[in-house]
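K.L.:
Take this structure, written in structure tokens, and hold onto it; I'll ask about it next.
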Amino acid sequence: MLNLEMNGTRCFVVKIFLGLFVLGVAGTEFEKVFEWKQISYTNLPDRSKGSTDNETFQAYNNVPMGATHHKNRLFITIPRRRPGILATLNVIDMTKVSRGDRSPPLQAYPSYSINELQPQYEPDLHKLISVYRTRVDACERLWFVDTGMLEYPGNRMQVQRPQIWIIDLKRDQLVQRYTIPASIVREGVGMASLTVDVEATDCDAAYAYIPDLVANAIHVYGLRENDMWSFNHSSFTHDPTHAALNVAGQRFEWDDGVFSIALGRNDTLASGKMVYYHPMVSTTEFGTFTNVLRSKWIALSGNYASLFEPLGDRGPNTQSTMHHYDARTGVLFYAEINRNSIGCWNTRQVCEAGNHAVVHLNNRELIYPSDLTSDSDGVLWVLTNNLPVWIYGRLNESDYNFRLWRQDPAVAIRCTKCDNVV
């Protein structure tokens with residue numbers, strides 16, 4: 001009782017202070033773990049010994065997009081949106097980072113050879129072309145989609161079919177590689193993330209939910225079935241009224257559709273977990289259930305329009321890339337690109353603007369949060385990368401452009417509307 005009373009008093013004082021000076025932003029800021037001016041590499045291969053890569057490393061073109069932490073290893077992705085990228089999938093062993101090293105180099109994962117592009121960009125399904133984001137499941141497996149596409153300005157090409165890769169991190173060995181058929185999607189570029197639904201007690205009964213921001217679809221892969229099916233719905237498309245974005249002085253309009261999927265608590269009445277999803281260009285959160293997505297029969301029937309519903313609006317300027325549901329607090333965390341912030345919503349409350357809060361806002365260092373994930377300890381990890389400046393302007397190569405952050409969810413929401421004790 002004493003701790004609760006002290007906590008309530010502390011929140012009251014903090015809210016008064018913050019209300020006067022920073023417009024009510026009352027969360028606990030994330031801890032900055034690493035930051036980079038430009039990306040560098042370690043343990044590079046000797047190119048005199050048969051390397052087949054036909055591109056030269058160009059540091060400026062390497063913009064990290066995804067970050068996943070698992071047991072002191074950070075998996076960093078760099079999609080091939082411009083030439084000169086040594087590896088699209090990388091790792092940092094945090095146990096080997098020197099104390100005080102705030103910009104550790106990357107190393108290709110699983111190897112440089114698997115990340116190499118073939119001469120004349122010949123297809124090779126045993127190699128990686130372009131990966132946006134990764135996820136680690138409850139069975140310690142790394143999942144990701146290789147889009148198979150080079151997005152070079154003026155020279156876009158689908159080098160090979162997109163694929164789903166699954167790597168056992170306990171052994172660093174590939175356990176599954178599934179080639180996505182043309183009947184599911186023509187190009188892989190829209191599959192920029194995935195969410196894995198599995199319990200550690202039955203690792204074969206895994207499903208990957210893959211939002212497609214270009215095709216405006218949610219694709220589902222069943223591991224046991226080794227099969228794939230898709231859903232299409234009006235809620236997967238972008239909202240044109242929220243297409244105008246203003247990030248770090250860059251004004252532009254995007255049309256990215258369904259972008260992120262987060263899994264909530266199990267609903268016994270619905271016989272499945274709540275599924276939260278949203279287009280990036282939208283401020284509305286939508287919902288369905290895992291028992292819907294898991295059903296190929298429902299997908300093929302086409303009779304599912306009423307099974308995808310809006311939950312509510314998050315409020316102005318809350319366009320979000322990734323989001324994640326924290327089971328301990330019941331809170332959804334959002335990577336909000338249009339206001340340089342990490343937002344939150346306690347799902348025990350109605351989904352409306354008044355119930356959403358900001359836990360971290362920084363108009364200089366939190367520019368474009370491109371990924372937001374959770375590790376096996378429940379710690380949140382956020383990657384920011386200044387992407388719109390890189391696309392429409394010019395990054396300052398003498399300044400820090402890419403940053404990695406972390407925070408405990410319960411700490412992050414203290415004294416916000418998302419805090420269960422407030």
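Letters A, B, ... go to the chains of the structure tokens in the order shown; residues in each chain start at 1; ligands are counted from 1 in the same order.
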Skip range 31-48 of chain A itself and residues of its chain fewer than 4 positions away, then list as a ChimeraX atom specification all residues within 10 Å of it, counting only C-alpha atoms.

P.N.:
/A:52-53,57-64,78,86-87,90,92,100-108,111-113,365,381-385,395-408

K.L.:
Write out as a PyMOL selection string the residues lying within 10 Å of Leu293 in chain A, counting only C-alpha atoms and excluding same-chain residues fewer than 5 positions away.

P.N.:
chain A and resi 207-209+218-221+229-231+272+275+288+298-299+307

K.L.:
Write out as a VMD selection string the residues lying within 8 Å of range 188-204 of chain A, counting only C-alpha atoms and excluding same-chain residues fewer than 3 positions away.

P.N.:
chain A and resid 131 to 139 143 to 149 158 161 to 162 185 207 to 215 223 to 224 259 to 263

K.L.:
Take the residues from that selection and put them in a file with N, CA, C and O atoms, as a compact mmCIF listing (two decimals), in the first residue's frame.

P.N.:
# COMPACT_ATOMS: atom_id res chain seq x y z
N VAL A 131 15.93 -8.06 -46.94
CA VAL A 131 15.12 -8.34 -45.76
C VAL A 131 14.84 -7.04 -45.03
O VAL A 131 15.75 -6.24 -44.80
N TYR A 132 13.59 -6.83 -44.65
CA TYR A 132 13.19 -5.61 -43.95
C TYR A 132 13.22 -5.77 -42.43
O TYR A 132 13.77 -4.96 -41.71
N ARG A 133 12.56 -6.80 -41.92
CA ARG A 133 12.46 -6.97 -40.47
C ARG A 133 12.44 -8.44 -40.11
O ARG A 133 12.03 -9.28 -40.93
N THR A 134 12.87 -8.76 -38.89
CA THR A 134 12.90 -10.15 -38.42
C THR A 134 12.12 -10.26 -37.12
O THR A 134 11.86 -9.26 -36.45
N ARG A 135 11.78 -11.48 -36.76
CA ARG A 135 11.17 -11.76 -35.46
C ARG A 135 11.69 -13.09 -34.93
O ARG A 135 11.93 -14.02 -35.71
N VAL A 136 11.81 -13.18 -33.60
CA VAL A 136 12.21 -14.43 -32.94
C VAL A 136 10.99 -14.99 -32.22
O VAL A 136 10.32 -14.26 -31.47
N ASP A 137 10.69 -16.26 -32.43
CA ASP A 137 9.49 -16.84 -31.83
C ASP A 137 9.79 -17.50 -30.49
O ASP A 137 10.93 -17.48 -30.00
N ALA A 138 8.76 -18.07 -29.87
CA ALA A 138 8.89 -18.68 -28.55
C ALA A 138 9.77 -19.92 -28.57
O ALA A 138 10.18 -20.41 -27.51
N CYS A 139 10.06 -20.44 -29.74
CA CYS A 139 10.90 -21.63 -29.88
C CYS A 139 12.33 -21.27 -30.29
O CYS A 139 13.08 -22.13 -30.75
N TRP A 143 12.61 -15.68 -37.76
CA TRP A 143 11.75 -15.68 -38.94
C TRP A 143 11.92 -14.37 -39.70
O TRP A 143 12.06 -13.31 -39.10
N PHE A 144 11.87 -14.44 -41.02
CA PHE A 144 11.86 -13.23 -41.83
C PHE A 144 11.44 -13.55 -43.25
O PHE A 144 11.46 -14.72 -43.68
N VAL A 145 11.03 -12.52 -43.97
CA VAL A 145 10.72 -12.63 -45.39
C VAL A 145 11.85 -11.99 -46.18
O VAL A 145 12.23 -10.84 -45.92
N ASP A 146 12.40 -12.74 -47.12
CA ASP A 146 13.31 -12.16 -48.11
C ASP A 146 12.44 -11.76 -49.30
O ASP A 146 11.84 -12.61 -49.97
N THR A 147 12.33 -10.46 -49.56
CA THR A 147 11.44 -10.00 -50.62
C THR A 147 11.90 -10.43 -52.00
O THR A 147 11.11 -10.45 -52.95
N GLY A 148 13.18 -10.76 -52.14
CA GLY A 148 13.73 -11.16 -53.43
C GLY A 148 13.88 -10.02 -54.41
O GLY A 148 14.18 -10.24 -55.58
N MET A 149 13.69 -8.78 -53.94
CA MET A 149 13.68 -7.62 -54.84
C MET A 149 14.77 -6.63 -54.51
O MET A 149 15.03 -6.32 -53.35
N GLN A 158 12.83 -7.75 -59.60
CA GLN A 158 12.53 -8.92 -58.78
C GLN A 158 13.53 -10.00 -59.17
O GLN A 158 13.35 -10.70 -60.15
N ARG A 161 11.94 -15.24 -56.54
CA ARG A 161 10.71 -15.29 -55.77
C ARG A 161 10.97 -14.93 -54.30
O ARG A 161 12.01 -15.29 -53.75
N PRO A 162 10.03 -14.22 -53.66
CA PRO A 162 10.18 -13.99 -52.21
C PRO A 162 10.09 -15.30 -51.45
O PRO A 162 9.43 -16.25 -51.89
N VAL A 185 1.40 -13.67 -54.32
CA VAL A 185 1.83 -12.29 -54.57
C VAL A 185 2.76 -12.26 -55.78
O VAL A 185 3.56 -13.17 -55.99
N TYR A 207 2.33 -20.21 -37.03
CA TYR A 207 1.77 -19.45 -38.14
C TYR A 207 2.48 -18.11 -38.23
O TYR A 207 2.75 -17.48 -37.20
N ALA A 208 2.77 -17.69 -39.44
CA ALA A 208 3.34 -16.36 -39.68
C ALA A 208 2.29 -15.51 -40.36
O ALA A 208 1.72 -15.91 -41.39
N TYR A 209 2.01 -14.35 -39.78
CA TYR A 209 1.07 -13.40 -40.35
C TYR A 209 1.88 -12.27 -41.00
O TYR A 209 2.66 -11.60 -40.32
N ILE A 210 1.70 -12.10 -42.29
CA ILE A 210 2.56 -11.20 -43.08
C ILE A 210 1.72 -10.10 -43.71
O ILE A 210 1.01 -10.34 -44.70
N PRO A 211 1.76 -8.88 -43.18
CA PRO A 211 1.05 -7.78 -43.83
C PRO A 211 1.74 -7.38 -45.12
O PRO A 211 2.97 -7.38 -45.20
N ASP A 212 0.96 -7.05 -46.12
CA ASP A 212 1.49 -6.64 -47.43
C ASP A 212 1.01 -5.23 -47.70
O ASP A 212 -0.15 -5.01 -48.06
N LEU A 213 1.88 -4.26 -47.53
CA LEU A 213 1.52 -2.86 -47.62
C LEU A 213 1.26 -2.39 -49.04
O LEU A 213 0.71 -1.31 -49.26
N VAL A 214 1.68 -3.18 -50.02
CA VAL A 214 1.46 -2.85 -51.43
C VAL A 214 0.20 -3.53 -51.96
O VAL A 214 -0.65 -2.89 -52.58
N ALA A 215 0.07 -4.83 -51.71
CA ALA A 215 -1.09 -5.58 -52.19
C ALA A 215 -2.31 -5.39 -51.31
O ALA A 215 -3.40 -5.88 -51.64
N LEU A 223 3.25 -23.43 -40.75
CA LEU A 223 4.46 -24.25 -40.79
C LEU A 223 4.13 -25.72 -40.94
O LEU A 223 4.72 -26.43 -41.77
N ARG A 224 3.21 -26.21 -40.13
CA ARG A 224 2.86 -27.63 -40.21
C ARG A 224 2.25 -27.97 -41.57
O ARG A 224 2.57 -29.00 -42.17
N PHE A 259 0.48 -2.66 -42.33
CA PHE A 259 1.93 -2.60 -42.09
C PHE A 259 2.39 -3.44 -40.91
O PHE A 259 3.47 -4.00 -40.92
N SER A 260 1.57 -3.49 -39.86
CA SER A 260 2.02 -4.15 -38.63
C SER A 260 0.89 -4.96 -38.02
O SER A 260 -0.27 -4.56 -38.05
N ILE A 261 1.25 -6.12 -37.46
CA ILE A 261 0.31 -7.01 -36.78
C ILE A 261 0.86 -7.32 -35.40
O ILE A 261 2.03 -7.69 -35.25
N ALA A 262 0.02 -7.16 -34.38
CA ALA A 262 0.40 -7.47 -33.00
C ALA A 262 -0.62 -8.44 -32.41
O ALA A 262 -1.82 -8.31 -32.65
N LEU A 263 -0.13 -9.40 -31.64
CA LEU A 263 -1.00 -10.41 -31.05
C LEU A 263 -1.30 -10.07 -29.60
O LEU A 263 -0.38 -9.87 -28.79

K.L.:
Quick check, in Å to one decimal: how far apart do CA of His360 in chain A and CA of Ser320 in chain A lie?

P.N.:
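Going from CA of His360 in chain A over to CA of Ser320 in chain A, I get 14.1 Å.
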
K.L.:
So how far away is CA of Asn362 in chain A from CA of His242 in chain A, in Å?

P.N.:
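So the answer is 21.6 Å.
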
K.L.:
Which residues come within 12 Å of Leu380 in chain A, counting only C-alpha atoms, excluding same-chain residues fewer than 4 positions away, as a short mmCIF file (atom, residue, chain, number, x, y, z; two decimals) with all heavy atoms, in the first residue's frame?

P.N.:
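Final output, saved to result_21.cif:
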data_model
loop_
_atom_site.label_atom_id
_atom_site.label_comp_id
_atom_site.auth_asym_id
_atom_site.auth_seq_id
_atom_site.Cartn_x
_atom_site.Cartn_y
_atom_site.Cartn_z
N GLU A 29 11.55 7.77 -20.63
CA GLU A 29 12.23 7.67 -21.91
C GLU A 29 12.99 6.35 -22.04
O GLU A 29 13.43 5.76 -21.06
CB GLU A 29 13.19 8.84 -22.11
CG GLU A 29 12.49 10.17 -22.31
CD GLU A 29 13.42 11.25 -22.79
OE1 GLU A 29 14.65 11.03 -22.77
OE2 GLU A 29 12.93 12.32 -23.20
N PHE A 30 13.14 5.93 -23.28
CA PHE A 30 13.90 4.73 -23.57
C PHE A 30 15.39 5.01 -23.41
O PHE A 30 15.85 6.14 -23.58
CB PHE A 30 13.63 4.27 -25.00
CG PHE A 30 12.34 3.50 -25.17
CD1 PHE A 30 11.14 3.98 -24.64
CD2 PHE A 30 12.32 2.30 -25.85
CE1 PHE A 30 9.95 3.28 -24.79
CE2 PHE A 30 11.14 1.58 -26.01
CZ PHE A 30 9.96 2.07 -25.48
N GLU A 31 16.12 3.96 -23.09
CA GLU A 31 17.58 4.07 -22.97
C GLU A 31 18.22 3.90 -24.34
O GLU A 31 17.90 2.98 -25.08
CB GLU A 31 18.10 2.97 -22.04
CG GLU A 31 19.61 2.85 -21.99
CD GLU A 31 20.08 1.50 -21.46
OE1 GLU A 31 19.23 0.67 -21.09
OE2 GLU A 31 21.31 1.30 -21.42
N LYS A 32 19.13 4.80 -24.67
CA LYS A 32 19.86 4.69 -25.92
C LYS A 32 20.98 3.65 -25.76
O LYS A 32 21.85 3.78 -24.90
CB LYS A 32 20.45 6.04 -26.32
CG LYS A 32 21.01 6.08 -27.74
CD LYS A 32 21.80 7.36 -27.98
CE LYS A 32 21.01 8.59 -27.63
NZ LYS A 32 21.80 9.82 -27.80
N VAL A 33 20.95 2.63 -26.59
CA VAL A 33 21.92 1.53 -26.49
C VAL A 33 23.10 1.77 -27.42
O VAL A 33 24.26 1.75 -27.00
CB VAL A 33 21.26 0.18 -26.81
CG1 VAL A 33 22.27 -0.96 -26.66
CG2 VAL A 33 20.06 -0.05 -25.91
N ALA A 67 15.42 -4.28 -36.20
CA ALA A 67 16.30 -4.69 -35.10
C ALA A 67 15.55 -5.64 -34.18
O ALA A 67 14.48 -5.30 -33.68
CB ALA A 67 16.82 -3.48 -34.33
N THR A 68 16.12 -6.81 -33.96
CA THR A 68 15.55 -7.82 -33.06
C THR A 68 16.63 -8.29 -32.10
O THR A 68 17.72 -8.65 -32.54
CB THR A 68 15.01 -9.03 -33.85
OG1 THR A 68 14.06 -8.59 -34.83
CG2 THR A 68 14.35 -10.03 -32.92
N HIS A 69 16.31 -8.28 -30.80
CA HIS A 69 17.28 -8.72 -29.80
C HIS A 69 16.90 -10.09 -29.27
O HIS A 69 15.73 -10.36 -28.97
CB HIS A 69 17.33 -7.73 -28.63
CG HIS A 69 18.20 -8.18 -27.50
ND1 HIS A 69 17.69 -8.78 -26.36
CD2 HIS A 69 19.55 -8.17 -27.34
CE1 HIS A 69 18.69 -9.08 -25.55
NE2 HIS A 69 19.81 -8.72 -26.12
N HIS A 70 17.90 -10.97 -29.17
CA HIS A 70 17.68 -12.28 -28.57
C HIS A 70 18.96 -12.76 -27.89
O HIS A 70 19.98 -12.99 -28.55
CB HIS A 70 17.26 -13.30 -29.62
CG HIS A 70 16.97 -14.67 -29.05
ND1 HIS A 70 15.91 -14.92 -28.21
CD2 HIS A 70 17.64 -15.85 -29.17
CE1 HIS A 70 15.90 -16.19 -27.86
NE2 HIS A 70 16.95 -16.78 -28.42
N MET A 322 5.57 0.04 -36.84
CA MET A 322 5.35 -1.20 -36.10
C MET A 322 4.69 -0.94 -34.75
O MET A 322 4.78 0.15 -34.18
CB MET A 322 6.68 -1.90 -35.88
CG MET A 322 7.46 -2.16 -37.16
SD MET A 322 6.49 -3.04 -38.40
CE MET A 322 6.17 -4.58 -37.55
N HIS A 323 4.02 -1.97 -34.23
CA HIS A 323 3.51 -1.91 -32.87
C HIS A 323 3.62 -3.29 -32.23
O HIS A 323 3.79 -4.31 -32.91
CB HIS A 323 2.09 -1.35 -32.80
CG HIS A 323 1.00 -2.16 -33.43
ND1 HIS A 323 1.18 -3.08 -34.43
CD2 HIS A 323 -0.35 -2.15 -33.19
CE1 HIS A 323 0.01 -3.60 -34.79
NE2 HIS A 323 -0.92 -3.06 -34.04
N HIS A 324 3.55 -3.30 -30.89
CA HIS A 324 3.73 -4.55 -30.14
C HIS A 324 2.85 -4.54 -28.90
O HIS A 324 2.73 -3.52 -28.21
CB HIS A 324 5.20 -4.73 -29.72
CG HIS A 324 5.41 -5.90 -28.81
ND1 HIS A 324 5.41 -7.21 -29.25
CD2 HIS A 324 5.59 -5.97 -27.46
CE1 HIS A 324 5.59 -8.03 -28.23
NE2 HIS A 324 5.70 -7.31 -27.13
N TYR A 325 2.25 -5.70 -28.62
CA TYR A 325 1.41 -5.87 -27.42
C TYR A 325 2.24 -6.51 -26.32
O TYR A 325 2.85 -7.57 -26.51
CB TYR A 325 0.21 -6.75 -27.75
CG TYR A 325 -0.64 -7.11 -26.55
CD1 TYR A 325 -1.60 -6.23 -26.07
CD2 TYR A 325 -0.47 -8.34 -25.89
CE1 TYR A 325 -2.38 -6.56 -24.96
CE2 TYR A 325 -1.25 -8.67 -24.80
CZ TYR A 325 -2.20 -7.78 -24.34
OH TYR A 325 -2.97 -8.11 -23.25
N ASP A 326 2.28 -5.85 -25.15
CA ASP A 326 2.98 -6.38 -23.99
C ASP A 326 1.98 -7.09 -23.09
O ASP A 326 1.08 -6.45 -22.52
CB ASP A 326 3.68 -5.26 -23.23
CG ASP A 326 4.35 -5.77 -21.96
OD1 ASP A 326 5.21 -6.66 -22.07
OD2 ASP A 326 3.96 -5.31 -20.87
N VAL A 331 -0.64 -3.47 -22.63
CA VAL A 331 -0.46 -2.22 -23.36
C VAL A 331 0.09 -2.48 -24.75
O VAL A 331 1.01 -3.29 -24.93
CB VAL A 331 0.47 -1.26 -22.58
CG1 VAL A 331 0.84 -0.04 -23.42
CG2 VAL A 331 -0.20 -0.83 -21.28
N LEU A 332 -0.46 -1.77 -25.73
CA LEU A 332 0.09 -1.74 -27.08
C LEU A 332 1.03 -0.55 -27.20
O LEU A 332 0.68 0.57 -26.80
CB LEU A 332 -1.02 -1.61 -28.12
CG LEU A 332 -1.60 -2.88 -28.74
CD1 LEU A 332 -2.80 -2.53 -29.61
CD2 LEU A 332 -0.56 -3.63 -29.56
N PHE A 333 2.22 -0.79 -27.73
CA PHE A 333 3.19 0.27 -27.97
C PHE A 333 3.31 0.51 -29.47
O PHE A 333 3.34 -0.43 -30.26
CB PHE A 333 4.56 -0.10 -27.38
CG PHE A 333 4.57 -0.13 -25.88
CD1 PHE A 333 4.21 -1.29 -25.19
CD2 PHE A 333 4.94 0.99 -25.15
CE1 PHE A 333 4.22 -1.32 -23.80
CE2 PHE A 333 4.95 0.97 -23.76
CZ PHE A 333 4.58 -0.20 -23.09
N TYR A 334 3.40 1.78 -29.84
CA TYR A 334 3.41 2.18 -31.24
C TYR A 334 4.67 2.97 -31.59
O TYR A 334 5.10 3.84 -30.82
CB TYR A 334 2.20 3.08 -31.55
CG TYR A 334 0.86 2.42 -31.41
CD1 TYR A 334 0.21 2.36 -30.17
CD2 TYR A 334 0.22 1.86 -32.51
CE1 TYR A 334 -1.03 1.77 -30.04
CE2 TYR A 334 -1.02 1.26 -32.39
CZ TYR A 334 -1.64 1.22 -31.15
OH TYR A 334 -2.88 0.63 -31.02
N ALA A 335 5.24 2.68 -32.76
CA ALA A 335 6.33 3.49 -33.31
C ALA A 335 5.71 4.55 -34.20
O ALA A 335 5.30 4.27 -35.33
CB ALA A 335 7.29 2.61 -34.10
N ILE A 342 7.24 7.31 -29.33
CA ILE A 342 6.70 6.00 -29.01
C ILE A 342 5.42 6.24 -28.24
O ILE A 342 5.42 6.89 -27.19
CB ILE A 342 7.69 5.18 -28.16
CG1 ILE A 342 9.06 5.10 -28.85
CG2 ILE A 342 7.13 3.78 -27.92
CD1 ILE A 342 9.03 4.50 -30.23
N ASP A 371 11.30 0.33 -36.44
CA ASP A 371 10.99 -0.99 -35.89
C ASP A 371 10.79 -0.89 -34.39
O ASP A 371 11.43 -0.06 -33.72
CB ASP A 371 12.11 -1.99 -36.20
CG ASP A 371 11.63 -3.44 -36.18
OD1 ASP A 371 10.42 -3.66 -35.99
OD2 ASP A 371 12.46 -4.35 -36.35
N LEU A 372 9.90 -1.74 -33.89
CA LEU A 372 9.63 -1.83 -32.46
C LEU A 372 9.34 -3.30 -32.15
O LEU A 372 8.40 -3.88 -32.69
CB LEU A 372 8.42 -0.96 -32.10
CG LEU A 372 8.09 -0.75 -30.61
CD1 LEU A 372 7.27 0.51 -30.42
CD2 LEU A 372 7.34 -1.94 -30.03
N THR A 373 10.20 -3.90 -31.33
CA THR A 373 10.09 -5.33 -31.05
C THR A 373 10.23 -5.58 -29.55
O THR A 373 10.54 -4.67 -28.78
CB THR A 373 11.18 -6.13 -31.78
OG1 THR A 373 12.48 -5.69 -31.31
CG2 THR A 373 11.11 -5.93 -33.28
N SER A 374 10.01 -6.83 -29.17
CA SER A 374 10.19 -7.25 -27.78
C SER A 374 11.03 -8.51 -27.76
O SER A 374 10.88 -9.37 -28.64
CB SER A 374 8.83 -7.51 -27.13
OG SER A 374 8.98 -8.05 -25.83
N ASP A 375 11.90 -8.63 -26.77
CA ASP A 375 12.72 -9.86 -26.68
C ASP A 375 12.08 -10.84 -25.71
O ASP A 375 10.98 -10.62 -25.17
CB ASP A 375 14.16 -9.53 -26.31
CG ASP A 375 14.31 -8.86 -24.94
OD1 ASP A 375 13.40 -9.01 -24.10
OD2 ASP A 375 15.33 -8.20 -24.72
N SER A 376 12.75 -11.96 -25.46
CA SER A 376 12.19 -13.02 -24.62
C SER A 376 12.04 -12.61 -23.17
O SER A 376 11.32 -13.25 -22.41
CB SER A 376 13.05 -14.28 -24.72
OG SER A 376 14.39 -14.01 -24.33
N LEU A 404 19.57 2.89 -31.63
CA LEU A 404 18.87 1.74 -31.07
C LEU A 404 18.55 2.03 -29.61
O LEU A 404 19.42 2.46 -28.85
CB LEU A 404 19.74 0.48 -31.17
CG LEU A 404 19.05 -0.82 -30.75
CD1 LEU A 404 17.97 -1.21 -31.74
CD2 LEU A 404 20.07 -1.95 -30.61
N TRP A 405 17.28 1.79 -29.23
CA TRP A 405 16.78 2.12 -27.91
C TRP A 405 16.15 0.89 -27.26
O TRP A 405 15.74 -0.04 -27.94
CB TRP A 405 15.70 3.20 -27.99
CG TRP A 405 16.02 4.37 -28.85
CD1 TRP A 405 15.97 4.44 -30.22
CD2 TRP A 405 16.40 5.69 -28.40
NE1 TRP A 405 16.30 5.70 -30.65
CE2 TRP A 405 16.56 6.49 -29.56
CE3 TRP A 405 16.60 6.25 -27.15
CZ2 TRP A 405 16.93 7.83 -29.49
CZ3 TRP A 405 16.96 7.59 -27.07
CH2 TRP A 405 17.13 8.37 -28.24
N ARG A 406 16.05 0.92 -25.90
CA ARG A 406 15.36 -0.16 -25.19
C ARG A 406 14.75 0.37 -23.91
O ARG A 406 15.20 1.37 -23.36
CB ARG A 406 16.32 -1.31 -24.88
CG ARG A 406 17.38 -0.97 -23.85
CD ARG A 406 18.35 -2.13 -23.64
NE ARG A 406 19.49 -1.74 -22.80
CZ ARG A 406 20.60 -2.45 -22.67
NH1 ARG A 406 20.72 -3.61 -23.30
NH2 ARG A 406 21.58 -2.01 -21.90
N GLN A 407 13.71 -0.35 -23.45
CA GLN A 407 13.08 0.01 -22.18
C GLN A 407 12.15 -1.11 -21.74
O GLN A 407 11.58 -1.83 -22.56
CB GLN A 407 12.29 1.31 -22.31
CG GLN A 407 11.72 1.85 -21.01
CD GLN A 407 12.77 2.06 -19.93
OE1 GLN A 407 13.10 1.10 -19.22
NE2 GLN A 407 13.32 3.26 -19.81
N ASP A 408 12.01 -1.26 -20.42
CA ASP A 408 11.03 -2.18 -19.85
C ASP A 408 9.64 -1.56 -20.02
O ASP A 408 9.44 -0.39 -19.71
CB ASP A 408 11.33 -2.41 -18.37
CG ASP A 408 10.34 -3.36 -17.73
OD1 ASP A 408 9.26 -2.90 -17.32
OD2 ASP A 408 10.65 -4.55 -17.66
N PRO A 409 8.66 -2.31 -20.53
CA PRO A 409 7.33 -1.74 -20.77
C PRO A 409 6.69 -1.12 -19.54
O PRO A 409 6.09 -0.03 -19.62
CB PRO A 409 6.51 -2.93 -21.28
CG PRO A 409 7.52 -3.89 -21.81
CD PRO A 409 8.74 -3.71 -20.97
N ALA A 410 6.78 -1.80 -18.38
CA ALA A 410 6.17 -1.28 -17.17
C ALA A 410 6.80 0.04 -16.74
O ALA A 410 6.13 0.92 -16.19
CB ALA A 410 6.27 -2.31 -16.04
N VAL A 411 8.09 0.18 -17.00
CA VAL A 411 8.78 1.43 -16.68
C VAL A 411 8.38 2.51 -17.68
O VAL A 411 8.15 3.67 -17.30
CB VAL A 411 10.31 1.22 -16.69
CG1 VAL A 411 11.04 2.55 -16.51
CG2 VAL A 411 10.71 0.24 -15.59
N ALA A 412 8.27 2.14 -18.94
CA ALA A 412 7.98 3.12 -19.99
C ALA A 412 6.65 3.83 -19.76
O ALA A 412 6.51 5.02 -20.05
CB ALA A 412 7.98 2.43 -21.35
N ILE A 413 5.66 3.12 -19.26
CA ILE A 413 4.31 3.70 -19.15
C ILE A 413 4.04 4.42 -17.82
O ILE A 413 2.95 4.93 -17.62
CB ILE A 413 3.23 2.62 -19.35
CG1 ILE A 413 3.31 1.56 -18.24
CG2 ILE A 413 3.33 2.01 -20.74
CD1 ILE A 413 2.17 0.55 -18.28
#

K.L.:
Compare A:Val281, A:Ile166, A:Ala270, A:Met65 by their minimum atom-to-atom distance to Pro240 in chain A, counting only C-alpha atoms, and give me the closest one.

P.N.:
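Smallest separation from Pro240 in chain A among the options: A:Val281.
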
K.L.:
Which is closest to Ala305 in chain A among A:Arg328, A:His233, A:Arg265, A:His278, if we use only C-alpha atoms?

P.N.:
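Looking only at the distances to Ala305 in chain A, the closest residue turns out to be A:His233.
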
K.L.:
Just checking: using only C-alpha atoms, which residue out of A:Ile164, A:Ala248, A:Leu174, A:Ala357 ends up closest to Val389 in chain A?

P.N.:
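So, comparing all the options, the nearest one is A:Ala248.
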
K.L.:
Grab the CA of Ile129 in chain A to CA of Asn386 in chain A distance for me, in Å with one decimal place.

P.N.:
22.7 Å
